[in-house]
>>> print(open('work-v3.txt').read())   # compact mmCIF, C-alpha atoms
# COMPACT_ATOMS: atom_id res chain seq x y z
CA MET C 1 7.31 -35.72 20.89
CA SER C 2 7.28 -32.96 23.54
CA PHE C 3 4.48 -31.67 25.67
CA VAL C 4 4.46 -27.87 25.62
CA GLN C 5 2.20 -25.10 26.83
CA VAL C 6 1.00 -22.37 24.44
CA ARG C 7 0.02 -18.97 25.82
CA LEU C 8 -2.55 -17.18 23.69
CA PRO C 9 -3.10 -13.41 23.54
CA GLY C 10 -6.47 -12.06 24.62
CA ALA C 11 -7.56 -11.27 21.07
CA LEU C 12 -7.30 -14.92 20.04
CA ARG C 13 -8.90 -16.60 23.04
CA THR C 14 -12.33 -16.26 21.47
CA TYR C 15 -11.13 -18.81 18.91
CA ALA C 16 -9.88 -21.21 21.62
CA ASP C 17 -12.91 -21.56 23.88
CA GLU C 18 -11.65 -18.57 25.90
CA GLN C 19 -8.56 -20.46 27.05
CA ALA C 20 -5.38 -18.52 27.79
CA LEU C 21 -3.23 -21.65 27.97
CA VAL C 22 -3.41 -24.64 25.69
CA ASP C 23 -1.34 -27.81 26.10
CA VAL C 24 -0.20 -29.59 22.96
CA ALA C 25 2.13 -32.44 22.03
CA ALA C 26 4.53 -31.63 19.20
CA GLY C 27 8.15 -31.72 18.09
CA THR C 28 8.47 -28.47 16.17
CA LEU C 29 6.71 -25.13 16.16
CA ALA C 30 4.99 -26.04 12.90
CA GLU C 31 3.58 -29.11 14.65
CA VAL C 32 2.52 -26.99 17.61
CA LEU C 33 0.51 -24.73 15.34
CA ALA C 34 -0.91 -27.68 13.42
CA ALA C 35 -2.02 -29.25 16.70
CA LEU C 36 -3.65 -25.98 17.71
CA GLY C 37 -5.39 -25.91 14.34
CA GLN C 38 -6.74 -29.42 14.89
CA THR C 39 -8.52 -28.50 18.09
CA HIS C 40 -9.22 -24.85 17.30
CA PRO C 41 -9.46 -24.48 13.50
CA LEU C 42 -10.16 -20.73 13.52
CA LEU C 43 -6.84 -20.03 15.28
CA LEU C 44 -4.54 -21.16 12.51
CA PRO C 45 -5.58 -18.70 9.75
CA ARG C 46 -4.96 -15.87 12.21
CA LEU C 47 -1.40 -17.03 12.86
CA LEU C 48 -0.36 -18.16 9.39
CA ALA C 49 -0.69 -16.32 6.08
CA PRO C 50 -2.29 -18.19 3.15
CA ASP C 51 1.16 -19.24 1.95
CA GLY C 52 1.78 -21.03 5.25
CA SER C 53 4.29 -18.54 6.65
CA LEU C 54 3.94 -16.87 10.02
CA ARG C 55 1.95 -13.64 9.61
CA PRO C 56 4.39 -10.70 9.64
CA TYR C 57 3.03 -9.04 12.79
CA VAL C 58 2.58 -12.24 14.77
CA ASN C 59 5.45 -12.97 17.11
CA VAL C 60 6.00 -16.40 18.62
CA PHE C 61 8.43 -16.85 21.48
CA LEU C 62 9.99 -20.09 22.67
CA GLY C 63 10.71 -19.17 26.26
CA ALA C 64 12.14 -15.67 25.84
CA ASP C 65 13.43 -16.17 22.28
CA ASN C 66 11.59 -14.99 19.18
CA VAL C 67 11.38 -18.00 16.87
CA ARG C 68 12.31 -15.78 13.93
CA GLU C 69 15.77 -15.66 15.47
CA LEU C 70 15.75 -19.45 15.87
CA ASP C 71 14.58 -21.75 13.09
CA GLY C 72 11.16 -20.22 12.48
CA LEU C 73 8.45 -22.80 12.08
CA ALA C 74 11.09 -25.55 12.08
CA THR C 75 12.22 -24.61 15.59
CA GLN C 76 12.41 -27.67 17.85
CA VAL C 77 10.29 -27.28 20.98
CA PRO C 78 11.76 -28.97 24.08
CA HIS C 79 9.52 -30.92 26.42
CA GLY C 80 8.04 -28.68 29.10
CA SER C 81 8.71 -25.42 27.27
CA THR C 82 6.33 -22.50 27.03
CA ILE C 83 5.41 -20.92 23.72
CA THR C 84 3.99 -17.42 23.82
CA ILE C 85 2.07 -15.88 20.93
CA LEU C 86 1.87 -12.09 20.88
CA PRO C 87 1.00 -9.40 18.37
CA ALA C 88 4.04 -7.35 17.35
CA VAL C 89 4.30 -3.77 18.49
CA ALA C 90 3.92 -2.03 15.16
CA GLY C 91 3.40 1.63 14.43
CA GLY C 92 5.29 3.38 17.21
CA MET W 1 -38.70 4.29 7.62
CA VAL W 2 -35.19 3.05 8.23
CA THR W 3 -34.56 2.49 11.94
CA ARG W 4 -31.38 0.40 11.88
CA LEU W 5 -27.99 0.79 10.24
CA LEU W 6 -24.79 -1.22 10.05
CA VAL W 7 -21.71 0.96 9.72
CA GLY W 8 -18.37 -0.61 8.87
CA THR W 9 -15.35 1.40 10.00
CA ASP W 10 -11.61 1.12 10.25
CA LYS W 11 -11.94 0.07 13.90
CA GLY W 12 -14.90 -2.25 13.81
CA LEU W 13 -18.58 -2.46 13.04
CA PHE W 14 -21.24 -0.26 14.61
CA ARG W 15 -24.96 -0.88 14.82
CA LEU W 16 -27.23 2.14 15.04
CA HIS W 17 -30.86 2.13 16.02
CA ARG W 18 -33.49 4.82 16.51
CA PRO W 19 -36.91 4.36 18.10
CA GLY W 20 -38.59 6.62 15.55
CA LEU W 21 -38.29 9.50 13.11
CA GLY W 22 -36.57 12.49 14.72
CA GLN W 23 -35.39 10.38 17.66
CA PRO W 24 -31.68 10.18 18.52
CA TRP W 25 -29.75 7.19 17.28
CA ASN W 26 -28.36 4.67 19.74
CA ILE W 27 -24.90 3.38 18.88
CA GLU W 28 -23.82 -0.17 19.64
CA GLY W 29 -20.24 -1.27 19.07
CA PRO W 30 -17.59 -1.63 18.09
CA LEU W 31 -18.37 -5.17 17.02
CA LEU W 32 -15.44 -7.00 15.40
CA PRO W 33 -13.31 -4.51 17.37
CA GLY W 34 -10.07 -3.33 15.82
CA GLN W 35 -10.93 -4.68 12.39
CA SER W 36 -11.37 -2.75 9.17
CA VAL W 37 -14.81 -3.74 7.91
CA LEU W 38 -14.49 -3.49 4.15
CA ALA W 39 -17.77 -4.90 2.85
CA MET W 40 -21.12 -6.22 4.03
CA ALA W 41 -23.90 -8.13 2.30
CA ARG W 42 -27.36 -9.18 3.47
CA HIS W 43 -28.71 -12.53 2.37
CA PRO W 44 -31.64 -11.89 0.01
CA ARG W 45 -33.84 -14.69 1.38
CA ARG W 46 -32.79 -15.38 4.99
CA PRO W 47 -33.98 -12.64 7.35
CA GLY W 48 -31.26 -11.41 9.68
CA SER W 49 -28.44 -13.12 7.79
CA TRP W 50 -25.41 -11.00 6.94
CA LEU W 51 -21.81 -11.47 5.90
CA ALA W 52 -18.98 -9.04 6.54
CA ALA W 53 -15.45 -8.88 5.18
CA ALA W 54 -12.96 -7.59 7.74
CA ARG W 55 -9.22 -7.19 7.99
CA HIS W 56 -7.00 -6.91 11.04
CA PRO W 57 -3.43 -5.62 10.73
CA VAL W 58 -2.03 -8.51 12.79
CA TRP W 59 -4.48 -11.40 12.50
CA GLY W 60 -5.30 -11.02 8.81
CA ALA W 61 -8.45 -10.79 6.74
CA HIS W 62 -11.42 -13.05 7.32
CA LEU W 63 -15.14 -13.36 6.64
CA TYR W 64 -17.74 -13.19 9.39
CA ALA W 65 -21.39 -14.20 9.47
CA SER W 66 -24.32 -12.98 11.55
CA ASP W 67 -27.78 -14.49 11.90
CA ASP W 68 -29.26 -11.69 14.00
CA ASP W 69 -28.86 -8.58 11.84
CA GLY W 70 -25.35 -7.92 13.00
CA SER W 71 -25.53 -8.18 16.79
CA GLN W 72 -23.27 -11.21 16.96
CA TRP W 73 -20.69 -12.36 14.46
CA ARG W 74 -18.85 -15.65 13.99
CA SER W 75 -15.79 -16.23 11.87
CA LEU W 76 -16.00 -18.38 8.78
CA ASP W 77 -13.12 -20.82 8.48
CA SER W 78 -12.17 -20.11 4.90
CA VAL W 79 -11.53 -17.27 2.49
CA PRO W 80 -11.24 -17.26 -1.30
CA LEU W 81 -7.65 -17.87 -2.42
CA HIS W 82 -5.94 -17.64 -5.76
CA PRO W 83 -4.27 -20.92 -6.81
CA GLU W 84 -0.76 -21.31 -5.47
CA HIS W 85 2.00 -19.47 -7.34
CA ARG W 86 -0.35 -17.66 -9.71
CA HIS W 87 0.27 -14.27 -8.14
CA ALA W 88 2.70 -12.83 -5.62
CA SER W 89 0.01 -13.17 -2.96
CA ARG W 90 -2.89 -15.62 -2.83
CA PHE W 91 -5.07 -13.37 -0.71
CA GLU W 92 -4.93 -9.99 1.00
CA SER W 93 -8.58 -9.22 1.75
CA VAL W 94 -12.14 -9.36 0.47
CA TRP W 95 -13.38 -6.08 -1.01
CA GLY W 96 -16.80 -7.01 -2.31
CA LEU W 97 -19.57 -9.43 -1.39
CA THR W 98 -22.64 -10.05 -3.56
CA TRP W 99 -25.36 -12.67 -3.28
CA SER W 100 -27.25 -13.99 -6.27
CA ALA W 101 -30.91 -12.97 -6.17
CA ASP W 102 -31.99 -16.43 -5.01
CA GLY W 103 -29.31 -16.51 -2.32
CA ALA W 104 -27.83 -19.75 -3.66
CA ARG W 105 -24.48 -18.32 -4.75
CA LEU W 106 -22.16 -15.89 -3.02
CA TYR W 107 -19.53 -13.94 -4.94
CA ALA W 108 -16.45 -12.35 -3.40
CA GLY W 109 -14.12 -9.88 -5.05
CA ILE W 110 -10.66 -9.98 -3.52
CA ASP W 111 -7.28 -8.30 -3.46
CA PRO W 112 -5.16 -9.33 -5.42
CA ALA W 113 -7.80 -8.75 -8.07
CA GLY W 114 -9.95 -11.81 -8.49
CA LEU W 115 -13.54 -12.99 -8.35
CA PHE W 116 -14.64 -16.17 -6.60
CA ALA W 117 -17.95 -17.95 -6.06
CA SER W 118 -19.29 -20.10 -3.25
CA ASP W 119 -22.38 -22.29 -3.34
CA ASP W 120 -22.28 -23.15 0.37
CA ASP W 121 -22.44 -19.73 2.05
CA GLY W 122 -18.69 -19.17 1.99
CA GLY W 123 -17.53 -22.61 3.12
CA ARG W 124 -15.72 -23.45 -0.12
CA TRP W 125 -14.76 -21.14 -2.96
CA GLN W 126 -14.26 -21.66 -6.66
CA ASP W 127 -12.02 -19.62 -8.86
CA LEU W 128 -13.52 -17.84 -11.90
CA PRO W 129 -10.52 -18.15 -14.24
CA GLY W 130 -12.34 -16.56 -17.17
CA LEU W 131 -11.89 -13.28 -15.32
CA ASN W 132 -8.98 -14.01 -13.01
CA ASP W 133 -6.75 -15.22 -15.87
CA HIS W 134 -8.17 -12.84 -18.45
CA PRO W 135 -5.80 -12.22 -21.38
CA THR W 136 -5.82 -8.51 -20.57
CA ARG W 137 -4.80 -9.05 -16.93
CA HIS W 138 -1.28 -7.84 -17.61
CA GLN W 139 -2.82 -4.40 -18.18
CA TRP W 140 -4.29 -4.33 -14.67
CA GLN W 141 -2.29 -2.60 -11.97
CA PRO W 142 -2.70 -1.74 -8.33
CA ALA W 143 -4.44 1.52 -7.55
CA ARG W 144 -3.32 3.37 -4.45
CA HIS W 145 -3.57 0.91 -1.52
CA LEU W 146 -5.77 -1.42 -3.54
CA PHE W 147 -5.69 -4.06 -6.25
CA ALA W 148 -9.10 -5.64 -6.05
CA ALA W 149 -12.26 -6.81 -7.75
CA HIS W 150 -15.38 -5.17 -6.34
CA SER W 151 -18.84 -3.81 -7.18
CA LEU W 152 -20.14 -7.08 -8.66
CA CYS W 153 -23.69 -6.64 -10.00
CA ILE W 154 -26.06 -9.32 -11.27
CA HIS W 155 -28.78 -8.39 -13.74
CA PRO W 156 -32.23 -8.74 -12.12
CA ALA W 157 -33.84 -10.33 -15.20
CA HIS W 158 -30.85 -12.32 -16.45
CA PRO W 159 -29.07 -14.09 -13.58
CA ASP W 160 -26.20 -15.11 -15.88
CA TRP W 161 -25.32 -11.51 -16.65
CA LEU W 162 -22.58 -10.25 -14.34
CA ILE W 163 -20.47 -7.11 -14.29
CA VAL W 164 -17.52 -6.42 -12.01
CA ALA W 165 -15.03 -3.63 -11.45
CA ILE W 166 -11.26 -4.01 -11.17
CA SER W 167 -9.25 -1.28 -9.45
CA SER W 168 -7.50 -0.68 -11.60
CA GLY W 169 -8.22 -2.68 -14.69
CA GLY W 170 -11.64 -1.53 -15.83
CA ALA W 171 -15.04 -3.18 -15.81
CA TYR W 172 -15.71 -6.63 -17.24
CA ARG W 173 -19.02 -8.26 -18.03
CA SER W 174 -20.12 -11.84 -18.45
CA MET W 175 -23.27 -13.07 -20.15
CA ASP W 176 -22.83 -16.73 -19.20
CA GLY W 177 -22.68 -16.84 -15.43
CA GLY W 178 -19.02 -15.90 -15.10
CA ARG W 179 -17.33 -18.33 -17.50
CA ASN W 180 -16.37 -15.77 -20.14
CA TRP W 181 -15.72 -12.09 -19.65
CA LEU W 182 -15.35 -9.12 -21.97
CA PRO W 183 -14.09 -5.61 -21.17
CA ALA W 184 -16.98 -3.23 -20.55
CA ASN W 185 -15.44 0.21 -20.81
CA ALA W 186 -16.60 1.67 -24.12
CA GLY W 187 -17.10 5.39 -23.70
CA VAL W 188 -15.19 5.61 -20.41
CA ARG W 189 -12.20 7.94 -20.12
CA ALA W 190 -9.01 6.91 -18.36
CA GLY W 191 -7.10 10.01 -17.37
CA HIS W 192 -4.23 8.05 -15.89
CA LEU W 193 -3.41 6.22 -19.13
CA PRO W 194 -1.93 7.56 -22.38
CA GLU W 195 -4.91 6.52 -24.53
CA PRO W 196 -7.99 8.63 -23.80
CA TYR W 197 -10.44 5.73 -24.26
CA PRO W 198 -8.55 2.46 -23.75
CA GLN W 199 -10.25 -0.92 -23.83
CA VAL W 200 -9.13 -1.81 -20.28
CA GLY W 201 -7.05 -0.40 -17.43
CA HIS W 202 -9.56 2.07 -16.05
CA ASN W 203 -9.59 2.81 -12.37
CA VAL W 204 -13.21 2.08 -11.47
CA HIS W 205 -14.18 3.35 -8.05
CA ARG W 206 -17.73 2.07 -7.92
CA ILE W 207 -20.46 0.47 -10.04
CA VAL W 208 -24.04 0.32 -8.76
CA MET W 209 -27.13 -1.16 -10.33
CA HIS W 210 -30.76 -0.17 -10.16
CA GLY W 211 -32.26 -3.41 -8.93
CA GLY W 212 -35.44 -3.21 -10.94
CA SER W 213 -34.17 -2.28 -14.37
CA GLY W 214 -30.53 -3.33 -14.40
CA ARG W 215 -29.41 0.19 -15.29
CA LEU W 216 -25.83 0.79 -14.21
CA TYR W 217 -24.06 3.84 -12.84
CA ARG W 218 -20.32 4.04 -12.56
CA GLN W 219 -17.94 6.40 -10.79
CA CYS W 220 -14.42 6.36 -12.16
CA TYR W 221 -11.12 8.02 -11.46
CA THR W 222 -12.21 10.33 -14.27
CA GLY W 223 -15.92 10.81 -14.69
CA THR W 224 -19.37 9.56 -13.83
CA TYR W 225 -21.18 7.31 -16.30
CA ARG W 226 -24.47 5.50 -17.01
CA SER W 227 -25.08 2.35 -18.99
CA ASP W 228 -28.45 1.15 -20.22
CA ASP W 229 -27.11 -1.91 -22.06
CA TRP W 230 -25.37 -3.83 -19.28
CA GLY W 231 -22.03 -2.16 -19.72
CA GLN W 232 -21.66 -2.60 -23.46
CA THR W 233 -21.54 1.18 -23.78
CA TRP W 234 -21.32 3.97 -21.25
CA GLN W 235 -22.60 7.51 -21.48
CA GLU W 236 -20.65 10.10 -19.55
CA ILE W 237 -22.89 12.10 -17.19
CA THR W 238 -20.23 14.18 -15.48
CA SER W 239 -21.50 17.46 -16.95
CA GLY W 240 -23.22 19.45 -14.22
CA LEU W 241 -21.07 18.02 -11.43
CA PRO W 242 -18.37 20.28 -9.96
CA GLY W 243 -15.65 17.71 -10.60
CA ASP W 244 -15.04 14.43 -12.33
CA PHE W 245 -13.38 12.64 -9.42
CA GLY W 246 -15.23 10.79 -6.69
CA TYR W 247 -15.76 7.41 -5.12
CA ALA W 248 -19.40 7.14 -4.15
CA VAL W 249 -22.46 6.83 -6.33
CA ALA W 250 -25.89 5.42 -5.42
CA VAL W 251 -29.24 5.02 -7.13
CA ASP W 252 -32.77 5.24 -5.72
CA PRO W 253 -34.09 1.64 -5.50
CA GLY W 254 -37.50 2.95 -6.59
CA ASP W 255 -36.44 5.14 -9.51
CA PRO W 256 -33.63 4.34 -11.95
CA ASP W 257 -33.40 8.01 -12.97
CA ARG W 258 -32.68 9.31 -9.46
CA VAL W 259 -28.98 9.03 -8.76
CA PHE W 260 -26.72 10.49 -6.07
CA GLN W 261 -23.02 11.30 -6.25
CA VAL W 262 -20.47 12.97 -3.97
CA PRO W 263 -18.01 15.03 -6.03
CA GLU W 264 -14.41 15.05 -4.86
CA SER W 265 -11.64 17.36 -5.90
CA SER W 266 -8.66 16.15 -7.89
CA ALA W 267 -7.03 12.79 -7.45
CA ASP W 268 -4.15 14.60 -5.76
CA LEU W 269 -6.28 16.07 -2.97
CA ARG W 270 -9.20 13.63 -2.61
CA ILE W 271 -11.52 15.67 -0.44
CA VAL W 272 -14.93 17.05 -1.35
CA VAL W 273 -14.85 19.92 -3.85
CA ASP W 274 -14.29 23.34 -2.24
CA ALA W 275 -14.31 21.70 1.20
CA ARG W 276 -18.14 21.56 1.00
CA LEU W 277 -19.74 18.20 1.70
CA ARG W 278 -22.27 18.09 -1.09
CA VAL W 279 -24.42 15.32 -2.44
CA PHE W 280 -25.41 15.92 -6.04
CA ARG W 281 -28.70 14.46 -7.15
CA SER W 282 -30.07 13.90 -10.62
CA GLU W 283 -33.71 13.12 -11.38
CA ASP W 284 -33.11 12.28 -15.02
CA GLY W 285 -30.39 9.66 -15.10
CA GLY W 286 -27.53 12.12 -14.83
CA THR W 287 -28.48 14.59 -17.57
CA HIS W 288 -28.96 17.36 -15.02
CA TRP W 289 -27.53 17.58 -11.50
CA SER W 290 -28.23 19.81 -8.52
CA SER W 291 -26.90 19.91 -4.99
CA ALA W 292 -29.10 18.21 -2.38
CA SER W 293 -27.05 19.12 0.65
CA ASN W 294 -29.19 20.92 3.25
CA GLY W 295 -27.79 20.01 6.63
CA LEU W 296 -24.37 18.98 5.37
CA PRO W 297 -21.35 21.16 6.27
CA GLN W 298 -20.73 23.73 3.55
CA ALA W 299 -17.43 25.18 4.70
CA HIS W 300 -14.11 23.74 5.88
CA ALA W 301 -15.23 20.16 5.41
CA TYR W 302 -11.98 18.46 4.49
CA VAL W 303 -13.51 15.04 4.19
CA THR W 304 -14.02 12.27 1.70
CA VAL W 305 -16.80 9.73 1.20
CA LEU W 306 -15.48 6.31 0.26
CA ARG W 307 -16.92 3.95 -2.33
CA GLU W 308 -19.14 1.84 -0.06
CA ALA W 309 -20.12 4.70 2.24
CA LEU W 310 -23.04 6.16 0.28
CA HIS W 311 -26.18 4.06 0.40
CA THR W 312 -29.85 4.41 -0.51
CA ALA W 313 -32.80 2.51 0.91
CA GLU W 314 -36.25 1.99 -0.50
CA GLY W 315 -38.88 4.56 0.40
CA SER W 316 -41.00 7.22 -1.11
CA PRO W 317 -38.87 9.18 -1.34
CA CYS W 318 -35.87 6.94 -0.76
CA SER W 319 -33.62 7.51 2.23
CA VAL W 320 -29.94 8.30 1.68
CA TRP W 321 -27.07 7.59 4.08
CA LEU W 322 -23.45 8.62 3.95
CA GLY W 323 -20.37 8.26 6.09
CA THR W 324 -17.14 10.18 5.83
CA ALA W 325 -13.58 9.07 6.25
CA THR W 326 -13.51 11.40 9.28
CA GLY W 327 -16.21 9.35 11.01
CA HIS W 328 -19.20 11.60 10.45
CA LEU W 329 -22.43 9.79 9.67
CA PHE W 330 -25.33 11.59 7.98
CA GLY W 331 -28.79 10.49 6.92
CA SER W 332 -31.66 11.87 4.89
CA ASP W 333 -35.15 10.39 5.16
CA ASP W 334 -36.45 12.43 2.22
CA GLY W 335 -34.29 11.67 -0.78
CA GLY W 336 -31.57 14.15 0.09
CA GLU W 337 -33.78 17.19 0.77
CA GLN W 338 -32.61 17.46 4.38
CA TRP W 339 -29.65 15.78 6.06
CA HIS W 340 -29.09 15.08 9.73
CA LEU W 341 -25.92 14.20 11.59
CA LEU W 342 -26.31 10.81 13.26
CA ALA W 343 -22.83 10.39 14.75
CA ALA W 344 -19.77 12.61 14.66
CA PHE W 345 -16.90 10.69 16.17
CA LEU W 346 -16.90 7.26 14.63
CA PRO W 347 -13.70 5.84 13.17
CA ARG W 348 -13.09 6.21 9.44
CA ILE W 349 -16.28 4.96 7.76
CA LEU W 350 -15.66 2.38 5.06
CA CYS W 351 -19.10 1.00 4.27
CA LEU W 352 -22.69 1.22 5.45
CA ARG W 353 -25.95 -0.59 4.92
CA THR W 354 -29.51 -0.26 6.16
CA ILE W 355 -31.17 -3.14 8.00
CA PRO W 356 -34.69 -3.80 6.69
CA ALA W 357 -37.52 -3.60 9.19
>>> encode(input="work-v3.txt", output="structure tokens")
Amino acid sequence: MSFVQVRLPGALRTYADEQALVDVAAGTLAEVLAALGQTHPLLLPRLLAPDGSLRPYVNVFLGADNVRELDGLATQVPHGSTITILPAVAGG
Amino acid sequence: MVTRLLVGTDKGLFRLHRPGLGQPWNIEGPLLPGQSVLAMARHPRRPGSWLAAARHPVWGAHLYASDDDGSQWRSLDSVPLHPEHRHASRFESVWGLTWSADGARLYAGIDPAGLFASDDDGGRWQDLPGLNDHPTRHQWQPARHLFAAHSLCIHPAHPDWLIVAISSGGAYRSMDGGRNWLPANAGVRAGHLPEPYPQVGHNVHRIVMHGGSGRLYRQCYTGTYRSDDWGQTWQEITSGLPGDFGYAVAVDPGDPDRVFQVPESSADLRIVVDARLRVFRSEDGGTHWSSASNGLPQAHAYVTVLREALHTAEGSPCSVWLGTATGHLFGSDDGGEQWHLLAAFLPRILCLRTIPA
């Protein structure tokens, strides 16, 4: 189990008691999101589609790496790492 | 007199208020900023209580509730979902919200086409498989940008009588509270299908009900229709309108014979006929129509009025409100005799409702 810090975009802070940074304990990205959902249940449906996949225009970075280029939701999150959630730049 | 409006747009929800007749409207918003507000419904028994269906291109589609007539909104934590693996997608967005008359049950029509019910104000949803797994479902198909159930109406005297529109799939009616459904398209043309009068498959743009009588009006991809027998048969009332295409139709809450429609040119162009923004009004249930468009632009108006963007409110005469996809908002306090521009530079207007005094 790792302790990691999650950085939330401004648009989602209203669903996290206006916090920009949230600390969670988890081993994988899926567990990170599940932990976020436990404390802030309105966050999760904005990050995951109904089928449980990451929404197509939601980008999640482990450090500087987009998790889609790692192992997606199964990506292991090292202790002390920072996870950044950002909306994709879509539409030019 | 209507003094407050809720206007759902492609970039959020706006609240408009005027101190009195002839006074300028104040605009508050955007609320739910950046979201496409697709549908709104006021609770029939709880003053100030509203629900809105909204969709954001990144964060998805969700339902929101307000207890203060739309000033503040909070997200609900669930949406209606098809069972896993039934369709390619379990949920894209909500396109229609309807309360039962007693406010005990909430219905939601969603994309992919399906109808769901909630008995706890949207906390939990139940599937209505009699419609959602209907044996004719294979004849339904997505319309442009949409594959949804919408326009659910509930008969005022028979709470178990329901009718709903599928775009595109046709209308279906239930006489037993939503367990069993039958196609309700007799007499309705379907210009996009090989058969002129098929049983199902119609592209229904809008169905509205006169709340007192249960009379129905229907705007389709081809034609405008009326039904006086809860959708068992439809009488075409297009004659007298300058076109058979359109999205928006509305009925005077105080008079089932007074109906309003905005004619659009062909399905290829989808702007008002002759680039004139005209509301056509009938005083006899659609037998005769005449333009009721004083104050609306009558030249170079390359606009469209979407299905939820024409609305009537009780009054004598009723008031009529319309919003265009170009963000122009108009109102008439006298049944369409004279129109006034309320706002000219809103985002694309998707739906609008009046807030009761």
>>> interface_residues(input="work-v3.txt", of="chain C", to="chain W", cutoff="12 Å", atoms="only C-alpha atoms", output="PyMOL selection string")
chain C and resi 9+11-12+14-15+37+40-59+85-91
>>> closest_residue(input="work-v3.txt", among="C:Ala30, C:Ala35, C:Gly10, C:Val60", to="Ala74 of chain C", atoms="all atoms listed in the file")
C:Ala30
>>> atom_distance(input="work-v3.txt", atom1="atom CA of Pro156 of chain W", atom2="atom CA of Ser213 of chain W")
7.1 Å
>>> residues_around(input="work-v3.txt", residues="Leu21 of chain W", least_positions_apart="5", cutoff="10 Å", atoms="all atoms listed in the file", output="list of chain:residue names")
W:Met1, W:Val2, W:Thr3, W:Asp333
>>> write_last_selection(input="work-v3.txt", atoms="C-alpha atoms", output="PDB file, in the coordinates of the input")
ATOM      1  CA  MET W   1     -38.700   4.290   7.620  1.00  0.00           C
ATOM      2  CA  VAL W   2     -35.190   3.050   8.230  1.00  0.00           C
ATOM      3  CA  THR W   3     -34.560   2.490  11.940  1.00  0.00           C
ATOM      4  CA  ASP W 333     -35.150  10.390   5.160  1.00  0.00           C
TER       5      ASP W 333
END
>>> residues_around(input="work-v3.txt", residues="Phe116 of chain W", least_positions_apart="6", cutoff="6 Å", atoms="all atoms listed in the file", output="PDB file with C-alpha atoms, in the coordinates of the input")
ATOM      1  CA  TYR W 107     -19.530 -13.940  -4.940  1.00  0.00           C
ATOM      2  CA  ALA W 108     -16.450 -12.350  -3.400  1.00  0.00           C
ATOM      3  CA  GLN W 126     -14.260 -21.660  -6.660  1.00  0.00           C
ATOM      4  CA  ASP W 127     -12.020 -19.620  -8.860  1.00  0.00           C
ATOM      5  CA  LEU W 128     -13.520 -17.840 -11.900  1.00  0.00           C
TER       6      LEU W 128
END
>>> atom_distance(input="work-v3.txt", atom1="atom CA of Gly295 of chain W", atom2="atom CA of Gly211 of chain W")
28.5 Å
>>> atom_distance(input="work-v3.txt", atom1="atom CA of Val6 of chain C", atom2="atom CA of Gln19 of chain C")
10.1 Å
>>> closest_residue(input="work-v3.txt", among="W:Phe330, W:Tyr64, W:Trp181, W:Tyr221", to="Ser49 of chain W", atoms="only C-alpha atoms")
W:Tyr64
